[in-house]
There are 2 protein chains.
Amino acid sequence: MTAPGAAAAHPLFSINQMTVKQLGLPELVDACVESGVRHIGTWREPVQAYGVEKAAGLLRDAGLSVSTHCRGGFLTAIDGAERRAAVDDNKRAVDEAAVLGTDVLVLVSGGLPAGSRDLVAARERIADGIAELAPYAGERGVRLAIEPLHPMFASDRCAVSTLGQALDIAERFPAEQVGVCVDTYHVWWDEAAPAQIARAGATGRIASFQLADWVTPLPAGVLNGRGQLGDGAVDLALWWRYVEEAGYTGPVEVELFNDGLWEREGREVLRETVSRFAEVARAR
Amino acid sequence: MTAPGAAAAHPLFSINQMTVKQLGLPELVDACVESGVRHIGTWREPVQAYGVEKAAGLLRDAGLSVSTHCRGGFLTAIDGAERRAAVDDNKRAVDEAAVLGTDVLVLVSGGLPAGSRDLVAARERIADGIAELAPYAGERGVRLAIEPLHPMFASDRCAVSTLGQALDIAERFPAEQVGVCVDTYHVWWDEAAPAQIARAGATGRIASFQLADWVTPLPAGVLNGRGQLGDGAVDLALWWRYVEEAGYTGPVEVELFNDGLWEREGREVLRETVSRFAEVARAR
């Protein structure tokens, strides 16, 4: 299944750093150059550990653009001090995105606080937090991308479960400040999602498009079960067509959390992902 | 957390056989009588193993009514012989339901066949299968209850992921032949579900209402992670109010697949469930 190392990556291919988290940032940059990869989605913790300015320089020198910075969010706390801390942390994430030269900060909005059973209220607190963050981000040339997560994450990770809900929040704000992130893994089951992609396109809200396949059985905790492109149930080429028809022409990021992929040699995983991506690109 | 054995179960409480599958049918019947339980949801395999006629007699003699028979469905095969076999098996399930004296057969509709990525086509095959089954069921006084399953089961278990989709299929058929099963575990995340419950009530389609709580982390395979009432994120009393306001007055079935509960003594689990149910009933 491994692609020949010589094949240059599709020009829209972006590798999310978590897909090959076994590679340190300099190794990842080398591997990207080797495979002709032009875009990378960065992740806060490893970038912070490496140094944000230093990472920005490394990526810039290698000619890599940053498609998104992942991730801010977790804005559902009820407690005032926790909410304040979350907003402040998100401002730091915006600052990081600006230093990295990307115009997209992906938000994983947050689930239910302990003891709460109210998803509607959680979504309102998410909107309140975004209201505080959006102008700050806009001033720094960064757009917040609300990512709906699969409903299986509604309680513990993200109360925004559909693209429709994400747009309902995003549309309260200027399009240059708040958009959405469309990830096939999270929306593929939703028959309303194609129309919501069209809505997002018409209002200029598609800030990011991410690919991952759906494979079963899901692992315990379900977080690290995202499938390599082509291994699962999602018609990835069809979803790519939906976002293209909605006017999205930006990088297409592959974000896989998968213990099996993480156990393998990182460069090999990158080459395989480049190859699988090319197959999806051809099929669309 | 165990309730005193003396407390009689709420008159609407129904115990799904799978919740205490560690109990054989005679033991379960004894435990129901002991706890004042009046309704039971039966499961095909253990009932078949015991003998359907014999089970019907045992339940009748104990004064237990059967709220639902679980489960038919799995109607998404593409292959003609497989489809024929599935329809035939569902007819046997209808026959079983009729012998057991229940008017509801719950359907878990089926996921994607191997190699398919088309949920829309899968749902059409489900509708086609139901078209064959509905008159057969209606003639025997049994209603098919389409159960939407949580979207995390879309690929491998049920392509019907929302109550709206279930009703879109059900409404193609007479209400006395096809309804829906509303299970809090599967719909709690869906902001459209309350309105769909009202729609289901207005058109006389609520054939069954089931309670289970949502707890995380989900176990590997995610099937057996349903939470004991009160342990999780679902406002169960609120959902019960929704179905009551929609006109549903039938038994309320507790269906938990949970390895932790199955490891415990079955009568104790039944008493605990009766007690938790009473708390939900009081809170509604």
# chains A, B, ... in the order shown; residues from 1 in each chain; ligands from 1
>>> interface_residues(of="chain B", to="chain A", cutoff="9 Å", atoms="only C-alpha atoms", output="VMD selection string")
chain B and resid 112 115 to 120 150 to 152 154 to 156 159 161 to 162 165 189 to 191 214 to 222 232 to 235
>>> residues_around(residues="range 243-249 of chain B", least_positions_apart="3", cutoff="10 Å", atoms="only C-alpha atoms", output="JSON, numbers by chain")
{"B": [12, 182, 194, 195, 196, 197, 198, 199, 200, 201, 202, 203, 204, 205, 206, 207, 208, 209, 238, 239, 240, 252, 284]}
>>> atom_distance(atom1="CA of His39 in chain A", atom2="CA of Arg226 in chain A")
20.5 Å
>>> residues_around(residues="Pro26 in chain B", least_positions_apart="5", cutoff="9 Å", atoms="only C-alpha atoms", output="PyMOL selection string")
chain B and resi 31+55+58-59
>>> select_by_dssp(residues="range 7-201 of chain A", states="strand (DSSP E)", output="MDAnalysis selection string")
chainID A and resid 13:16 39:43 65:73 104:108 143:146 178:183
>>> write_last_selection(atoms="N, CA and C atoms", output="CSV table (one decimal), in the first residue's frame")
chain,number,residue,atom,x,y,z
A,13,PHE,N,-2.8,18.7,-1.1
A,13,PHE,CA,-2.6,17.8,0.1
A,13,PHE,C,-2.0,18.6,1.3
A,14,SER,N,-2.6,18.5,2.4
A,14,SER,CA,-2.0,19.0,3.7
A,14,SER,C,-2.0,17.8,4.7
A,15,ILE,N,-0.9,17.7,5.4
A,15,ILE,CA,-0.8,16.7,6.4
A,15,ILE,C,-1.0,17.3,7.8
A,16,ASN,N,-2.0,16.9,8.5
A,16,ASN,CA,-2.1,17.3,9.9
A,16,ASN,C,-1.0,16.6,10.7
A,39,HIS,N,1.7,21.7,2.3
A,39,HIS,CA,0.8,22.3,3.4
A,39,HIS,C,0.9,21.4,4.6
A,40,ILE,N,0.8,22.0,5.8
A,40,ILE,CA,0.8,21.2,7.0
A,40,ILE,C,-0.2,21.9,8.0
A,41,GLY,N,-0.9,21.0,8.7
A,41,GLY,CA,-1.8,21.5,9.7
A,41,GLY,C,-1.1,21.3,11.1
A,42,THR,N,-0.9,22.3,11.8
A,42,THR,CA,-0.1,22.2,13.0
A,42,THR,C,-0.9,21.9,14.2
A,43,TRP,N,-0.3,21.5,15.3
A,43,TRP,CA,-1.0,21.1,16.5
A,43,TRP,C,-0.3,21.9,17.7
A,65,SER,N,3.3,25.9,3.8
A,65,SER,CA,2.3,26.8,4.3
A,65,SER,C,1.5,26.0,5.4
A,66,VAL,N,1.0,26.8,6.3
A,66,VAL,CA,0.2,26.1,7.4
A,66,VAL,C,-1.3,26.3,7.1
A,67,SER,N,-1.9,25.1,6.8
A,67,SER,CA,-3.3,25.2,6.4
A,67,SER,C,-4.2,25.5,7.6
A,68,THR,N,-4.0,24.9,8.8
A,68,THR,CA,-4.7,25.3,10.0
A,68,THR,C,-3.8,25.1,11.2
A,69,HIS,N,-4.2,25.7,12.3
A,69,HIS,CA,-3.6,25.5,13.6
A,69,HIS,C,-4.7,24.8,14.4
A,70,CYS,N,-4.3,23.7,15.0
A,70,CYS,CA,-5.3,22.9,15.8
A,70,CYS,C,-4.8,22.8,17.3
A,71,ARG,N,-5.5,23.0,18.2
A,71,ARG,CA,-6.9,23.4,18.2
A,71,ARG,C,-7.2,24.3,19.4
A,72,GLY,N,-8.0,25.2,19.2
A,72,GLY,CA,-8.6,26.0,20.3
A,72,GLY,C,-10.0,25.4,20.7
A,73,GLY,N,-10.7,26.1,21.5
A,73,GLY,CA,-12.0,25.7,21.8
A,73,GLY,C,-12.2,25.4,23.3
A,104,VAL,N,-6.3,30.2,9.9
A,104,VAL,CA,-7.4,29.3,10.4
A,104,VAL,C,-7.0,28.7,11.7
A,105,LEU,N,-7.8,29.0,12.8
A,105,LEU,CA,-7.7,28.2,14.0
A,105,LEU,C,-8.9,27.4,14.2
A,106,VAL,N,-8.7,26.0,14.2
A,106,VAL,CA,-9.8,25.1,14.4
A,106,VAL,C,-10.2,25.1,15.8
A,107,LEU,N,-11.5,25.1,16.1
A,107,LEU,CA,-12.1,25.0,17.4
A,107,LEU,C,-12.8,23.7,17.6
A,108,VAL,N,-12.4,23.0,18.7
A,108,VAL,CA,-13.2,21.8,19.2
A,108,VAL,C,-13.9,22.4,20.4
A,143,ARG,N,-9.0,33.3,11.3
A,143,ARG,CA,-10.5,33.0,11.4
A,143,ARG,C,-10.7,31.8,12.3
A,144,LEU,N,-11.7,31.8,13.1
A,144,LEU,CA,-12.0,30.7,14.0
A,144,LEU,C,-12.9,29.7,13.2
A,145,ALA,N,-12.5,28.5,13.1
A,145,ALA,CA,-13.3,27.5,12.4
A,145,ALA,C,-13.9,26.5,13.4
A,146,ILE,N,-15.2,26.7,13.5
A,146,ILE,CA,-16.0,25.8,14.4
A,146,ILE,C,-16.1,24.4,13.7
A,178,VAL,N,-15.3,34.2,11.7
A,178,VAL,CA,-15.7,32.8,12.1
A,178,VAL,C,-16.3,32.0,10.9
A,179,GLY,N,-15.7,30.8,10.7
A,179,GLY,CA,-16.2,29.9,9.7
A,179,GLY,C,-16.4,28.5,10.3
A,180,VAL,N,-16.4,27.5,9.5
A,180,VAL,CA,-16.5,26.1,10.0
A,180,VAL,C,-15.5,25.2,9.4
A,181,CYS,N,-15.2,24.2,10.0
A,181,CYS,CA,-14.3,23.1,9.5
A,181,CYS,C,-15.1,21.9,9.2
A,182,VAL,N,-15.1,21.5,8.0
A,182,VAL,CA,-15.8,20.3,7.5
A,182,VAL,C,-14.9,19.1,7.5
A,183,ASP,N,-15.1,18.1,8.4
A,183,ASP,CA,-14.3,16.9,8.5
A,183,ASP,C,-15.2,15.7,8.1
>>> closest_residue(among="B:Glu124, B:Glu147, B:Glu45, B:Glu176", to="Leu25 in chain B", atoms="only C-alpha atoms")
B:Glu45
>>> closest_residue(among="A:Leu23, A:Thr184, A:Arg38, A:Gly141", to="Val274 in chain A", atoms="only C-alpha atoms")
A:Arg38
>>> residues_around(residues="range 48-53 of chain B", least_positions_apart="2", cutoff="8 Å", atoms="only C-alpha atoms", output="ChimeraX atom specification")
/B:25,44-46,55-57,96,99-100
>>> write_last_selection(atoms="all heavy atoms", output="PDB file, in the first residue's frame")
ATOM      1  N   LEU B  25     -34.830 -17.049  31.502  1.00  0.00           N
ATOM      2  CA  LEU B  25     -36.184 -16.507  31.431  1.00  0.00           C
ATOM      3  C   LEU B  25     -37.017 -16.828  32.679  1.00  0.00           C
ATOM      4  O   LEU B  25     -37.662 -15.918  33.226  1.00  0.00           O
ATOM      5  CB  LEU B  25     -36.884 -16.994  30.146  1.00  0.00           C
ATOM      6  CG  LEU B  25     -38.154 -16.231  29.760  1.00  0.00           C
ATOM      7  CD1 LEU B  25     -37.892 -14.745  29.543  1.00  0.00           C
ATOM      8  CD2 LEU B  25     -38.770 -16.842  28.496  1.00  0.00           C
ATOM      9  N   ARG B  44     -35.023 -12.064  20.821  1.00  0.00           N
ATOM     10  CA  ARG B  44     -35.312 -13.242  20.012  1.00  0.00           C
ATOM     11  C   ARG B  44     -34.531 -14.489  20.424  1.00  0.00           C
ATOM     12  O   ARG B  44     -35.127 -15.559  20.617  1.00  0.00           O
ATOM     13  CB  ARG B  44     -35.019 -12.951  18.531  1.00  0.00           C
ATOM     14  CG  ARG B  44     -35.995 -11.974  17.920  1.00  0.00           C
ATOM     15  CD  ARG B  44     -35.855 -11.966  16.405  1.00  0.00           C
ATOM     16  NE  ARG B  44     -36.397 -13.187  15.816  1.00  0.00           N
ATOM     17  CZ  ARG B  44     -36.199 -13.550  14.549  1.00  0.00           C
ATOM     18  NH1 ARG B  44     -35.447 -12.793  13.758  1.00  0.00           N
ATOM     19  NH2 ARG B  44     -36.727 -14.660  14.080  1.00  0.00           N
ATOM     20  N   GLU B  45     -33.195 -14.354  20.523  1.00  0.00           N
ATOM     21  CA  GLU B  45     -32.382 -15.554  20.694  1.00  0.00           C
ATOM     22  C   GLU B  45     -32.700 -16.316  21.982  1.00  0.00           C
ATOM     23  O   GLU B  45     -32.939 -17.538  21.933  1.00  0.00           O
ATOM     24  CB  GLU B  45     -30.893 -15.217  20.602  1.00  0.00           C
ATOM     25  CG  GLU B  45     -30.429 -14.834  19.196  1.00  0.00           C
ATOM     26  CD  GLU B  45     -30.844 -13.418  18.753  1.00  0.00           C
ATOM     27  OE1 GLU B  45     -31.385 -12.668  19.596  1.00  0.00           O
ATOM     28  OE2 GLU B  45     -30.632 -13.065  17.589  1.00  0.00           O
ATOM     29  N   PRO B  46     -32.726 -15.646  23.147  1.00  0.00           N
ATOM     30  CA  PRO B  46     -33.037 -16.418  24.365  1.00  0.00           C
ATOM     31  C   PRO B  46     -34.466 -16.963  24.370  1.00  0.00           C
ATOM     32  O   PRO B  46     -34.705 -18.044  24.916  1.00  0.00           O
ATOM     33  CB  PRO B  46     -32.805 -15.413  25.504  1.00  0.00           C
ATOM     34  CG  PRO B  46     -32.819 -14.072  24.865  1.00  0.00           C
ATOM     35  CD  PRO B  46     -32.347 -14.258  23.459  1.00  0.00           C
ATOM     36  N   ALA B  55     -42.298 -19.817  26.314  1.00  0.00           N
ATOM     37  CA  ALA B  55     -42.004 -18.505  26.889  1.00  0.00           C
ATOM     38  C   ALA B  55     -43.289 -17.693  27.014  1.00  0.00           C
ATOM     39  O   ALA B  55     -43.534 -17.047  28.050  1.00  0.00           O
ATOM     40  CB  ALA B  55     -40.989 -17.761  26.023  1.00  0.00           C
ATOM     41  N   ALA B  56     -44.113 -17.752  25.955  1.00  0.00           N
ATOM     42  CA  ALA B  56     -45.365 -16.997  25.980  1.00  0.00           C
ATOM     43  C   ALA B  56     -46.244 -17.448  27.158  1.00  0.00           C
ATOM     44  O   ALA B  56     -46.828 -16.621  27.868  1.00  0.00           O
ATOM     45  CB  ALA B  56     -46.108 -17.166  24.655  1.00  0.00           C
ATOM     46  N   GLY B  57     -46.294 -18.757  27.367  1.00  0.00           N
ATOM     47  CA  GLY B  57     -47.085 -19.288  28.476  1.00  0.00           C
ATOM     48  C   GLY B  57     -46.538 -18.858  29.825  1.00  0.00           C
ATOM     49  O   GLY B  57     -47.284 -18.450  30.727  1.00  0.00           O
ATOM     50  N   GLU B  96     -43.190 -14.672  16.010  1.00  0.00           N
ATOM     51  CA  GLU B  96     -42.819 -14.783  17.430  1.00  0.00           C
ATOM     52  C   GLU B  96     -43.517 -13.711  18.265  1.00  0.00           C
ATOM     53  O   GLU B  96     -44.047 -13.992  19.347  1.00  0.00           O
ATOM     54  CB  GLU B  96     -41.299 -14.641  17.598  1.00  0.00           C
ATOM     55  CG  GLU B  96     -40.472 -15.780  17.018  1.00  0.00           C
ATOM     56  CD  GLU B  96     -38.998 -15.415  16.871  1.00  0.00           C
ATOM     57  OE1 GLU B  96     -38.569 -14.387  17.445  1.00  0.00           O
ATOM     58  OE2 GLU B  96     -38.281 -16.155  16.167  1.00  0.00           O
ATOM     59  N   VAL B  99     -47.055 -14.573  18.848  1.00  0.00           N
ATOM     60  CA  VAL B  99     -47.212 -15.627  19.855  1.00  0.00           C
ATOM     61  C   VAL B  99     -46.990 -15.069  21.265  1.00  0.00           C
ATOM     62  O   VAL B  99     -47.705 -15.415  22.211  1.00  0.00           O
ATOM     63  CB  VAL B  99     -46.218 -16.788  19.575  1.00  0.00           C
ATOM     64  CG1 VAL B  99     -46.200 -17.766  20.744  1.00  0.00           C
ATOM     65  CG2 VAL B  99     -46.588 -17.504  18.278  1.00  0.00           C
ATOM     66  N   LEU B 100     -46.032 -14.175  21.395  1.00  0.00           N
ATOM     67  CA  LEU B 100     -45.724 -13.594  22.704  1.00  0.00           C
ATOM     68  C   LEU B 100     -46.786 -12.590  23.149  1.00  0.00           C
ATOM     69  O   LEU B 100     -46.790 -12.140  24.296  1.00  0.00           O
ATOM     70  CB  LEU B 100     -44.354 -12.913  22.665  1.00  0.00           C
ATOM     71  CG  LEU B 100     -43.152 -13.863  22.530  1.00  0.00           C
ATOM     72  CD1 LEU B 100     -41.900 -13.074  22.123  1.00  0.00           C
ATOM     73  CD2 LEU B 100     -42.899 -14.629  23.823  1.00  0.00           C
TER      74      LEU B 100
END
>>> atom_distance(atom1="CA of Gly111 in chain B", atom2="CA of Ala127 in chain B")
13.2 Å
>>> residues_around(residues="range 75-92 of chain A", least_positions_apart="4", cutoff="8 Å", atoms="only C-alpha atoms", output="number ranges by chain")
A: 96, 109-113, 122-123, 125-126, 129, 132-133, 136-137
>>> write_last_selection(atoms="C-alpha atoms", output="PDB file, in the first residue's frame")
ATOM      1  CA  GLU A  96       0.259  31.144  17.714  1.00  0.00           C
ATOM      2  CA  SER A 109     -15.873  23.551  21.166  1.00  0.00           C
ATOM      3  CA  GLY A 110     -16.117  21.449  24.327  1.00  0.00           C
ATOM      4  CA  GLY A 111     -18.618  19.021  25.834  1.00  0.00           C
ATOM      5  CA  LEU A 112     -20.822  19.021  28.914  1.00  0.00           C
ATOM      6  CA  PRO A 113     -19.256  20.220  32.158  1.00  0.00           C
ATOM      7  CA  ALA A 122     -23.413  24.392  26.381  1.00  0.00           C
ATOM      8  CA  ARG A 123     -23.777  25.583  22.792  1.00  0.00           C
ATOM      9  CA  ARG A 125     -21.712  29.253  26.173  1.00  0.00           C
ATOM     10  CA  ILE A 126     -19.667  28.242  23.114  1.00  0.00           C
ATOM     11  CA  GLY A 129     -16.899  32.460  24.134  1.00  0.00           C
ATOM     12  CA  GLU A 132     -15.192  37.290  22.943  1.00  0.00           C
ATOM     13  CA  LEU A 133     -12.632  35.679  20.673  1.00  0.00           C
ATOM     14  CA  TYR A 136      -9.458  39.385  18.684  1.00  0.00           C
ATOM     15  CA  ALA A 137      -8.859  36.748  16.010  1.00  0.00           C
TER      16      ALA A 137
END
>>> closest_residue(among="A:Val94, A:Leu163, A:Ile169, A:Val47", to="Glu139 in chain A", atoms="only C-alpha atoms")
A:Val94
>>> select_by_dssp(residues="range 55-161 of chain A", states="helix (DSSP H, G or I)", output="number ranges by chain")
A: 55-61, 80-100, 119-139, 151-153
>>> atom_distance(atom1="CA of Asn258 in chain B", atom2="CA of Ala97 in chain B")
24.9 Å
>>> closest_residue(among="B:Glu171, B:Glu268, B:Asp213, B:Asp103", to="Cys32 in chain B", atoms="only C-alpha atoms")
B:Glu268
